[in-house]
file target16.txt (compact mmCIF, C-alpha atoms)
# COMPACT_ATOMS: atom_id res chain seq x y z
CA MET P 1 1.29 26.35 -21.56
CA PRO P 2 1.93 26.46 -25.29
CA VAL P 3 0.55 23.00 -26.06
CA SER P 4 -1.42 23.26 -29.29
CA LEU P 5 -5.15 23.19 -28.57
CA GLU P 6 -5.95 23.27 -32.26
CA ASN P 7 -3.85 20.22 -33.09
CA SER P 8 -5.09 18.40 -29.99
CA LYS P 9 -8.65 18.92 -31.27
CA LEU P 10 -7.60 17.66 -34.67
CA ILE P 11 -6.17 14.46 -33.15
CA TYR P 12 -9.27 13.95 -31.02
CA CYS P 13 -11.63 14.39 -33.97
CA ALA P 14 -9.58 11.90 -35.99
CA LEU P 15 -9.85 9.34 -33.18
CA LYS P 16 -13.60 9.85 -33.00
CA ALA P 17 -13.86 9.48 -36.76
CA CYS P 18 -12.26 6.02 -36.39
CA GLY P 19 -14.97 5.05 -33.91
CA ILE P 20 -12.74 5.10 -30.83
CA ARG P 21 -14.96 4.84 -27.74
CA LEU P 22 -12.46 4.13 -24.97
CA LEU P 23 -9.30 6.08 -24.24
CA SER P 24 -6.79 5.15 -21.59
CA ALA P 25 -4.46 7.91 -20.51
CA LEU P 26 -1.78 8.90 -18.11
CA PRO P 27 -1.35 12.66 -18.05
CA GLU P 28 1.69 14.33 -19.50
CA THR P 29 2.14 17.97 -20.50
CA TRP P 30 1.61 17.49 -24.22
CA LEU P 31 -1.58 15.50 -23.60
CA VAL P 32 -3.42 17.98 -21.34
CA HIS P 33 -5.84 19.26 -23.97
CA LEU P 34 -6.53 15.81 -25.38
CA ILE P 35 -7.37 14.44 -21.95
CA ARG P 36 -9.60 17.43 -21.12
CA ILE P 37 -11.48 17.10 -24.40
CA ALA P 38 -12.01 13.38 -23.71
CA GLU P 39 -13.20 14.21 -20.19
CA ASP P 40 -15.86 16.57 -21.56
CA ASP P 41 -17.09 14.06 -24.16
CA PRO P 42 -19.98 11.97 -22.78
CA GLU P 43 -19.55 9.45 -25.59
CA MET P 44 -15.99 8.61 -24.56
CA ILE P 45 -15.00 6.19 -21.80
CA LEU P 46 -11.86 7.84 -20.40
CA VAL P 47 -9.78 5.67 -18.08
CA ARG P 48 -7.07 7.44 -16.14
CA LEU P 49 -4.38 4.96 -15.25
CA ALA P 50 -1.91 4.62 -12.42
CA LYS P 51 0.67 3.15 -14.81
CA GLU P 52 0.60 2.91 -18.58
CA GLU P 53 0.82 -0.89 -18.85
CA GLU P 54 -2.68 -1.12 -17.37
CA GLY P 55 -3.81 0.41 -20.66
CA VAL P 56 -2.81 -2.76 -22.52
CA GLY P 57 -5.26 -4.73 -20.36
CA LEU P 58 -7.94 -2.06 -20.78
CA SER P 59 -7.58 -2.08 -24.56
CA ALA P 60 -7.62 -5.88 -24.65
CA GLY P 61 -10.80 -5.95 -22.58
CA ALA P 62 -12.35 -3.34 -24.87
CA HIS P 63 -11.33 -5.30 -27.96
CA PHE P 64 -12.88 -8.50 -26.58
CA ALA P 65 -16.02 -6.46 -25.86
CA GLY P 66 -16.09 -5.19 -29.44
CA VAL P 67 -15.22 -1.61 -28.50
CA LYS P 68 -12.49 0.33 -30.27
CA SER P 69 -9.92 1.97 -28.05
CA ALA P 70 -6.74 4.03 -28.12
CA MET P 71 -3.97 4.72 -25.62
CA LEU P 72 -2.51 8.15 -24.80
CA MET P 73 0.92 8.04 -23.24
CA GLN P 74 4.34 9.59 -23.10
CA ASN P 75 7.23 7.66 -24.62
CA HIS P 76 8.36 6.83 -21.08
CA GLY P 77 4.95 5.23 -20.67
CA TYR P 78 5.67 3.12 -23.70
CA LEU P 79 8.95 2.07 -22.06
CA ALA P 80 6.99 1.15 -18.94
CA SER P 81 4.54 -0.96 -21.00
CA ILE P 82 6.97 -3.12 -22.92
CA ASN P 83 6.33 -6.39 -21.08
CA ALA P 84 2.57 -5.91 -21.35
CA ILE P 85 2.87 -5.29 -25.08
CA VAL P 86 5.02 -8.40 -25.61
CA SER P 87 3.29 -10.78 -23.23
CA PHE P 88 -0.28 -9.66 -23.90
CA ALA P 89 -0.76 -7.63 -27.09
CA HIS P 90 1.75 -9.60 -29.15
CA LEU P 91 1.12 -12.97 -27.51
CA TYR P 92 -2.65 -12.74 -27.90
CA LYS P 93 -2.82 -10.63 -31.07
CA VAL P 94 -4.53 -7.62 -29.55
CA PRO P 95 -4.78 -4.47 -31.68
CA LEU P 96 -3.44 -1.39 -29.90
CA LEU P 97 -3.57 2.14 -31.24
CA MET P 98 -0.83 3.85 -29.24
CA LEU P 99 -0.49 7.62 -29.40
CA ILE P 100 2.89 8.34 -27.89
CA THR P 101 4.28 11.80 -27.21
CA TYR P 102 7.83 11.87 -28.52
CA ARG P 103 9.58 13.61 -25.65
CA GLY P 104 13.34 14.05 -25.67
CA SER P 105 13.52 14.50 -29.40
CA PHE P 106 14.45 17.56 -31.49
CA GLY P 107 13.39 20.76 -29.75
CA GLU P 108 13.18 19.19 -26.25
CA ARG P 109 14.12 21.59 -23.47
CA ASP P 110 13.60 19.37 -20.42
CA PRO P 111 16.88 17.58 -19.67
CA TRP P 112 15.04 14.72 -17.89
CA GLN P 113 13.23 13.73 -21.07
CA THR P 114 16.28 13.34 -23.27
CA GLN P 115 17.26 9.72 -22.61
CA GLY P 116 13.77 8.47 -23.44
CA GLY P 117 13.97 10.27 -26.75
CA ASN P 118 17.12 8.38 -27.67
CA VAL P 119 15.65 4.91 -27.26
CA THR P 120 12.04 5.30 -28.39
CA GLU P 121 12.44 4.50 -32.07
CA PRO P 122 15.10 1.80 -31.62
CA LEU P 123 12.77 0.03 -29.17
CA LEU P 124 9.74 0.33 -31.46
CA ARG P 125 11.84 -1.23 -34.23
CA ALA P 126 13.21 -3.92 -31.91
CA MET P 127 9.66 -4.87 -30.98
CA ASN P 128 8.52 -4.90 -34.60
CA ILE P 129 5.89 -2.26 -33.93
CA PRO P 130 4.92 -0.33 -37.04
CA TYR P 131 5.11 3.40 -36.35
CA ALA P 132 4.73 6.76 -38.05
CA PHE P 133 4.97 10.40 -36.99
CA LEU P 134 2.19 12.84 -36.33
CA ASP P 135 4.13 15.95 -37.22
CA LEU P 136 1.96 18.00 -39.57
CA SER P 137 -1.63 19.04 -38.93
CA ALA P 138 -2.52 18.43 -42.57
CA SER P 139 -1.79 14.70 -42.33
CA VAL P 140 -3.11 13.99 -38.80
CA GLU P 141 -6.53 12.69 -39.80
CA LYS P 142 -5.30 10.41 -42.57
CA ARG P 143 -2.41 8.99 -40.56
CA ILE P 144 -4.54 8.19 -37.52
CA ALA P 145 -7.10 6.48 -39.76
CA GLU P 146 -4.34 4.48 -41.45
CA ALA P 147 -2.75 3.47 -38.15
CA HIS P 148 -6.12 2.37 -36.81
CA THR P 149 -6.84 0.37 -39.96
CA LEU P 150 -3.50 -1.43 -39.73
CA ALA P 151 -3.90 -2.20 -36.01
CA GLU P 152 -7.35 -3.72 -36.67
CA SER P 153 -6.34 -5.72 -39.76
CA SER P 154 -3.04 -7.01 -38.33
CA LEU P 155 -4.32 -7.46 -34.76
CA GLN P 156 -1.16 -5.93 -33.38
CA PRO P 157 0.10 -2.76 -31.72
CA VAL P 158 0.70 0.24 -33.97
CA ALA P 159 2.33 3.45 -32.74
CA LEU P 160 1.99 7.11 -33.70
CA LEU P 161 4.69 9.42 -32.39
CA LEU P 162 3.35 12.89 -31.56
CA THR P 163 6.16 15.32 -32.27
CA HIS P 164 7.21 18.65 -30.79
CA ASP P 165 6.38 20.37 -34.11
CA LEU P 166 2.75 19.26 -33.90
CA MET P 167 2.10 19.54 -30.18
CA TRP P 168 3.98 22.71 -29.19
CA GLU P 169 3.24 26.28 -30.25
CA GLU P 170 5.75 29.03 -29.73
CA MET V 1 -8.56 -24.20 2.01
CA LEU V 2 -7.71 -25.38 -1.50
CA ARG V 3 -8.18 -23.10 -4.48
CA ILE V 4 -9.66 -25.90 -6.58
CA ASP V 5 -12.35 -26.48 -3.94
CA CYS V 6 -13.18 -22.76 -4.11
CA LEU V 7 -13.35 -22.90 -7.91
CA ARG V 8 -15.54 -26.01 -7.76
CA ALA V 9 -17.87 -24.28 -5.28
CA ILE V 10 -18.57 -21.36 -7.65
CA TYR V 11 -18.11 -23.13 -10.99
CA SER V 12 -21.81 -23.09 -11.82
CA ASP V 13 -22.12 -19.45 -10.70
CA LEU V 14 -19.51 -18.48 -13.30
CA GLU V 15 -21.64 -19.76 -16.15
CA LYS V 16 -23.30 -16.42 -16.93
CA CYS V 17 -20.20 -14.29 -16.21
CA LEU V 18 -17.21 -13.26 -18.27
CA VAL V 19 -14.23 -14.68 -16.41
CA VAL V 20 -10.63 -13.47 -16.71
CA THR V 21 -7.89 -15.40 -14.91
CA ILE V 22 -4.17 -15.04 -14.28
CA MET V 23 -1.57 -17.56 -15.49
CA GLY V 24 -0.24 -20.73 -13.90
CA ALA V 25 -1.97 -23.09 -11.52
CA LEU V 26 -5.30 -21.25 -11.42
CA PRO V 27 -6.25 -21.59 -15.10
CA ALA V 28 -5.01 -25.20 -15.12
CA GLU V 29 -7.32 -25.98 -12.21
CA LEU V 30 -10.26 -24.13 -13.72
CA GLN V 31 -9.78 -25.99 -17.01
CA SER V 32 -9.62 -29.28 -15.13
CA LEU V 33 -13.18 -28.55 -14.00
CA GLY V 34 -14.16 -27.86 -17.59
CA HIS V 35 -13.29 -25.06 -19.97
CA ARG V 36 -16.08 -22.75 -21.05
CA ARG V 37 -16.20 -20.20 -23.85
CA ASN V 38 -16.73 -17.38 -21.36
CA PHE V 39 -13.35 -18.02 -19.65
CA PHE V 40 -10.25 -16.11 -20.77
CA TYR V 41 -6.91 -17.18 -19.32
CA LEU V 42 -4.25 -14.48 -19.44
CA GLN V 43 -1.24 -16.78 -19.57
CA HIS V 44 1.32 -14.00 -19.02
CA ALA V 45 1.38 -10.21 -18.51
CA MET V 46 1.17 -10.68 -14.75
CA GLY V 47 -0.92 -8.03 -13.05
CA LEU V 48 -3.15 -7.21 -16.01
CA ALA V 49 -6.03 -9.66 -15.51
CA SER V 50 -7.79 -7.03 -13.39
CA SER V 51 -7.11 -4.29 -15.98
CA THR V 52 -8.60 -6.55 -18.66
CA GLY V 53 -11.62 -7.17 -16.45
CA LEU V 54 -12.00 -3.42 -15.97
CA GLY V 55 -11.96 -2.86 -19.74
CA LEU V 56 -14.63 -5.52 -20.19
CA ALA V 57 -16.75 -4.21 -17.33
CA LEU V 58 -16.68 -0.60 -18.53
CA CYS V 59 -17.51 -1.56 -22.12
CA LEU V 60 -20.22 -4.09 -21.19
CA PRO V 61 -21.97 -2.51 -18.19
CA HIS V 62 -24.81 -5.06 -18.17
CA GLN V 63 -22.51 -8.08 -18.16
CA LYS V 64 -21.07 -9.46 -14.92
CA VAL V 65 -17.28 -9.79 -15.07
CA VAL V 66 -15.29 -11.91 -12.62
CA VAL V 67 -11.51 -11.57 -12.34
CA LEU V 68 -9.68 -14.49 -10.75
CA ASP V 69 -6.43 -12.92 -9.58
CA GLY V 70 -3.55 -14.06 -7.38
CA ASP V 71 -1.32 -12.46 -4.76
CA GLY V 72 1.82 -12.58 -6.93
CA SER V 73 0.03 -11.03 -9.90
CA LEU V 74 -1.76 -8.36 -7.89
CA LEU V 75 1.46 -7.36 -6.11
CA MET V 76 2.98 -6.67 -9.53
CA ASN V 77 0.28 -4.11 -10.30
CA LEU V 78 -1.06 -2.70 -7.04
CA GLY V 79 -1.97 0.48 -8.91
CA THR V 80 -4.81 -1.47 -10.52
CA LEU V 81 -6.72 -1.34 -7.22
CA SER V 82 -6.69 2.46 -7.36
CA THR V 83 -7.86 2.40 -10.98
CA LEU V 84 -10.65 -0.11 -10.22
CA ALA V 85 -11.71 1.99 -7.25
CA ARG V 86 -11.67 5.16 -9.32
CA TYR V 87 -14.27 3.83 -11.77
CA LYS V 88 -16.08 1.38 -9.44
CA PRO V 89 -17.79 -0.66 -12.14
CA LYS V 90 -20.89 -2.18 -10.53
CA ASN V 91 -20.51 -5.32 -12.61
CA LEU V 92 -16.98 -6.33 -11.58
CA VAL V 93 -16.02 -8.90 -8.96
CA HIS V 94 -12.34 -9.16 -8.11
CA ILE V 95 -11.36 -12.43 -6.47
CA VAL V 96 -7.77 -12.81 -5.30
CA PHE V 97 -6.48 -16.28 -4.42
CA ASP V 98 -3.74 -15.53 -1.92
CA ASN V 99 -1.45 -18.53 -1.38
CA GLU V 100 1.38 -16.28 -0.15
CA SER V 101 3.56 -17.83 -2.80
CA LEU V 102 4.81 -17.63 -6.36
CA LEU V 103 3.76 -21.24 -6.72
CA SER V 104 4.36 -21.74 -10.43
CA VAL V 105 7.98 -20.61 -10.27
CA GLY V 106 9.15 -22.68 -7.33
CA GLY V 107 6.97 -21.59 -4.45
CA PHE V 108 8.95 -18.58 -3.29
CA PRO V 109 7.01 -16.66 -0.64
CA THR V 110 5.40 -13.33 -1.59
CA ALA V 111 5.06 -10.32 0.68
CA THR V 112 1.63 -11.48 1.84
CA SER V 113 3.56 -14.20 3.74
CA THR V 114 5.25 -11.50 5.79
CA GLY V 115 2.14 -9.51 6.58
CA THR V 116 1.08 -7.54 3.50
CA ASP V 117 -2.69 -7.38 3.71
CA LEU V 118 -4.34 -7.30 0.28
CA GLU V 119 -7.82 -6.74 1.69
CA GLY V 120 -6.48 -3.74 3.61
CA ILE V 121 -4.75 -2.38 0.50
CA ALA V 122 -7.93 -2.82 -1.56
CA ARG V 123 -10.00 -1.05 1.08
CA ALA V 124 -7.50 1.78 1.41
CA ALA V 125 -7.39 2.13 -2.39
CA GLY V 126 -11.10 2.83 -2.29
CA ILE V 127 -12.66 -0.50 -3.28
CA PRO V 128 -16.15 -0.17 -1.73
CA ARG V 129 -16.31 -3.72 -0.35
CA ALA V 130 -13.39 -5.94 0.51
CA ALA V 131 -13.24 -9.13 2.55
CA THR V 132 -10.86 -11.94 3.45
CA VAL V 133 -12.19 -15.50 3.61
CA ARG V 134 -10.55 -18.65 4.95
CA THR V 135 -13.06 -21.46 4.45
CA VAL V 136 -14.71 -22.82 1.31
CA GLU V 137 -18.15 -22.10 2.79
CA ASP V 138 -17.28 -18.46 3.49
CA PHE V 139 -15.66 -18.15 0.09
CA ALA V 140 -18.67 -19.55 -1.75
CA ALA V 141 -21.08 -17.34 0.18
CA ALA V 142 -19.02 -14.19 -0.41
CA ALA V 143 -18.41 -14.91 -4.09
CA ARG V 144 -22.04 -15.82 -4.77
CA GLN V 145 -23.26 -12.70 -3.03
CA ALA V 146 -20.80 -10.57 -5.04
CA ILE V 147 -21.77 -12.20 -8.34
CA SER V 148 -25.51 -11.90 -7.73
CA THR V 149 -25.54 -8.28 -6.55
CA GLU V 150 -24.28 -4.96 -7.92
CA GLY V 151 -21.11 -3.29 -6.74
CA LEU V 152 -17.38 -3.63 -7.04
CA GLN V 153 -15.89 -6.04 -4.52
CA THR V 154 -12.49 -7.54 -3.80
CA ILE V 155 -12.55 -10.93 -2.10
CA VAL V 156 -9.21 -12.22 -0.83
CA ALA V 157 -9.31 -16.01 -0.44
CA LYS V 158 -6.49 -17.41 1.68
CA VAL V 159 -5.58 -20.74 0.09
CA GLU V 160 -2.85 -23.36 0.42
CA ALA V 161 0.18 -23.14 -1.85
CA THR V 162 -0.59 -26.28 -3.81
CA GLY V 163 -1.65 -26.86 -7.37
CA PRO V 164 -1.57 -29.24 -10.30
CA LYS V 165 1.71 -30.76 -11.50
CA ALA V 166 1.49 -29.29 -14.98
CA PHE V 167 0.15 -25.95 -16.16
CA VAL V 168 0.09 -26.39 -19.94
CA THR V 169 -3.25 -27.56 -21.31
CA ASP V 170 -4.31 -28.44 -24.83
CA LEU V 171 -6.20 -25.18 -25.23
CA GLY V 172 -4.15 -22.83 -27.43
CA LEU V 173 -3.73 -19.25 -26.26
CA LEU V 174 -5.07 -17.79 -29.48
CA GLU V 175 -7.84 -20.36 -29.68
CA ASN V 176 -8.97 -19.25 -26.22
CA ARG V 177 -8.70 -15.55 -27.12
CA PHE V 178 -10.70 -15.77 -30.36
CA GLN V 179 -13.28 -18.08 -28.81
CA PHE V 180 -13.75 -15.65 -25.91
CA ARG V 181 -14.33 -12.69 -28.23
CA ARG V 182 -16.73 -14.71 -30.41
CA HIS V 183 -18.64 -15.69 -27.31
CA ILE V 184 -19.07 -12.02 -26.35
CA GLN V 185 -20.17 -11.22 -29.90
CA SER V 186 -22.77 -13.98 -29.73
CA LEU V 187 -24.09 -12.56 -26.43
CA ALA V 188 -24.40 -9.15 -28.06
CA ALA V 189 -26.23 -10.68 -31.03
CA LYS V 190 -28.66 -12.48 -28.70
CA SER V 191 -29.46 -9.36 -26.72
CA ARG V 192 -30.29 -7.36 -29.85
call {"tool": "encode", "arguments": {"input": "target16.txt", "output": "structure tokens"}}
result
Amino acid sequence: MPVSLENSKLIYCALKACGIRLLSALPETWLVHLIRIAEDDPEMILVRLAKEEEGVGLSAGAHFAGVKSAMLMQNHGYLASINAIVSFAHLYKVPLLMLITYRGSFGERDPWQTQGGNVTEPLLRAMNIPYAFLDLSASVEKRIAEAHTLAESSLQPVALLLTHDLMWEE
Amino acid sequence: MLRIDCLRAIYSDLEKCLVVTIMGALPAELQSLGHRRNFFYLQHAMGLASSTGLGLALCLPHQKVVVLDGDGSLLMNLGTLSTLARYKPKNLVHIVFDNESLLSVGGFPTATSTGTDLEGIARAAGIPRAATVRTVEDFAAAARQAISTEGLQTIVAKVEATGPKAFVTDLGLLENRFQFRRHIQSLAAKSR
């Protein structure tokens, strides 16, 4: 599986550098290494979800408890979390650091991912969620730190789109 | 059995817990007994009160967390039972008031009115202890036992589909949210 282990490690280290102590995740191909690294890290509370919207509740609970968290999901998981984001994270001003794999975008080979790719950015804009791309290894650390800073200062969801260029090696 | 009688029966037991509720009649009734800084009312996002409780319980393992859920909310996120069961936080008590109805939106019957058994689903999902109670005495005994001992439990309380006339209270959503977080911070400061 040509998912980039090196860039997954880079992302994980950047999350740790921000003080993230709880990660919620629902597996998807591009996230395999990230989830395995989290699993092997005794300092990280890894919560494997049945459905991504649970992660909004998990992150809210962590925030109330004073623990920094992040969410790992596919863009279809973001689509499945929209009500939770609106009626919890936005309504109650809960910071969310959402790392979203940008499936169905340039370079996508799986036909079933392509519709999700079309609507991801329009829906992030429609929901007023600030977002940026994680597309180059050189900028991963800085961009994750900046996204985390904005989520904490604005008390709102912020999204990072993990691109094919960063996550796939071939 | 009335939900407000159940809430009244355990009101003093909730004093030392972090309490997360669903929206609608339940938080209105709990507030009518007296709001406390350790109560957070999730006035939307149906289904996520238990996920919020799980986040709290995992991050604060020495703090008892009580989720006051409902049948309509839980049915919207049945997967939460499998996630709770997967991590089995010892400090989480999951109470489900099952009135077999979506009371706050006109009283339409939920699937528990046609036989869906939430205790059975919780048990099958892997929740270590699950029970159904039908009297205030049984409810109070089960809830008190769950709050005072370790171990994840789901208690399904069969209650009548009645509630207060109005659900909006004078406690702002954000006021409640910031107060709740401050309260947890003050607990952390005290325990240092």
call {"tool": "closest_atom_pairs", "arguments": {"input": "target16.txt", "of": "chain P", "to": "chain V", "cutoff": "12 Å", "atoms": "only C-alpha atoms", "output": "CSV"}}
result
residue,atom,partner,partner_atom,distance
P:Ile20,CA,V:Cys59,CA,12.0
P:Arg21,CA,V:Cys59,CA,8.9
P:Leu22,CA,V:Cys59,CA,8.1
P:Leu23,CA,V:Gly55,CA,10.4
P:Ser24,CA,V:Gly55,CA,9.7
P:Ala25,CA,V:Thr83,CA,11.5
P:Leu26,CA,V:Thr83,CA,11.4
P:Glu43,CA,V:Cys59,CA,11.7
P:Met44,CA,V:Cys59,CA,10.6
P:Ile45,CA,V:Leu58,CA,7.7
P:Leu46,CA,V:Tyr87,CA,9.8
P:Val47,CA,V:Tyr87,CA,8.0
P:Arg48,CA,V:Thr83,CA,7.3
P:Leu49,CA,V:Thr83,CA,6.1
P:Ala50,CA,V:Gly79,CA,5.4
P:Lys51,CA,V:Gly79,CA,7.0
P:Glu52,CA,V:Gly79,CA,10.3
P:Glu53,CA,V:Leu48,CA,8.0
P:Glu54,CA,V:Ser51,CA,5.6
P:Gly55,CA,V:Ser51,CA,7.4
P:Val56,CA,V:Leu48,CA,7.9
P:Gly57,CA,V:Thr52,CA,4.2
P:Leu58,CA,V:Gly55,CA,4.2
P:Ser59,CA,V:Gly55,CA,6.6
P:Ala60,CA,V:Thr52,CA,6.1
P:Gly61,CA,V:Gly55,CA,4.4
P:Ala62,CA,V:Gly55,CA,5.2
P:His63,CA,V:Arg181,CA,8.0
P:Phe64,CA,V:Arg181,CA,4.7
P:Ala65,CA,V:Leu56,CA,5.9
P:Gly66,CA,V:Gln185,CA,7.3
P:Val67,CA,V:Cys59,CA,6.8
P:Lys68,CA,V:Cys59,CA,9.8
P:Ser69,CA,V:Gly55,CA,9.8
P:Ser81,CA,V:Ala45,CA,10.1
P:Ile82,CA,V:Ala45,CA,10.0
P:Asn83,CA,V:Ala45,CA,6.8
P:Ala84,CA,V:Ala45,CA,5.3
P:Ile85,CA,V:Ala45,CA,8.3
P:Val86,CA,V:Ala45,CA,8.2
P:Ser87,CA,V:Ala45,CA,5.1
P:Phe88,CA,V:Ala45,CA,5.7
P:Ala89,CA,V:Ala45,CA,9.2
P:His90,CA,V:Leu174,CA,10.7
P:Leu91,CA,V:Leu173,CA,8.0
P:Tyr92,CA,V:Leu174,CA,5.8
P:Lys93,CA,V:Leu174,CA,7.7
P:Val94,CA,V:Arg177,CA,9.3
P:Leu155,CA,V:Phe178,CA,11.4
call {"tool": "residues_around", "arguments": {"input": "target16.txt", "residues": "P:Val158", "least_positions_apart": "4", "cutoff": "9 Å", "atoms": "only C-alpha atoms", "output": "mmCIF file with C-alpha atoms, in the frame of the given file"}}
result
data_model
loop_
_atom_site.group_PDB
_atom_site.id
_atom_site.type_symbol
_atom_site.label_atom_id
_atom_site.label_comp_id
_atom_site.auth_asym_id
_atom_site.auth_seq_id
_atom_site.Cartn_x
_atom_site.Cartn_y
_atom_site.Cartn_z
ATOM 1 C CA PRO P 95 -4.780 -4.470 -31.680
ATOM 2 C CA LEU P 96 -3.440 -1.390 -29.900
ATOM 3 C CA LEU P 97 -3.570 2.140 -31.240
ATOM 4 C CA MET P 98 -0.830 3.850 -29.240
ATOM 5 C CA LEU P 99 -0.490 7.620 -29.400
ATOM 6 C CA ILE P 129 5.890 -2.260 -33.930
ATOM 7 C CA PRO P 130 4.920 -0.330 -37.040
ATOM 8 C CA TYR P 131 5.110 3.400 -36.350
ATOM 9 C CA ALA P 132 4.730 6.760 -38.050
ATOM 10 C CA ALA P 147 -2.750 3.470 -38.150
ATOM 11 C CA HIS P 148 -6.120 2.370 -36.810
ATOM 12 C CA LEU P 150 -3.500 -1.430 -39.730
ATOM 13 C CA ALA P 151 -3.900 -2.200 -36.010
#
call {"tool": "residues_around", "arguments": {"input": "target16.txt", "residues": "P:Ser4", "least_positions_apart": "6", "cutoff": "9 Å", "atoms": "only C-alpha atoms", "output": "NGL selection string"}}
result
:P and (30 or 33 or 166-169)
call {"tool": "atom_distance", "arguments": {"input": "target16.txt", "atom1": "atom CA of V:Leu92", "atom2": "atom CA of P:Leu15"}}
result
27.6 Å
call {"tool": "residues_around", "arguments": {"input": "target16.txt", "residues": "V:Gly107", "least_positions_apart": "4", "cutoff": "12 Å", "atoms": "all atoms listed in the file", "output": "count of residues only"}}
result
13
call {"tool": "atom_distance", "arguments": {"input": "target16.txt", "atom1": "atom CA of V:Ala166", "atom2": "atom CA of V:Glu29"}}
result
9.8 Å
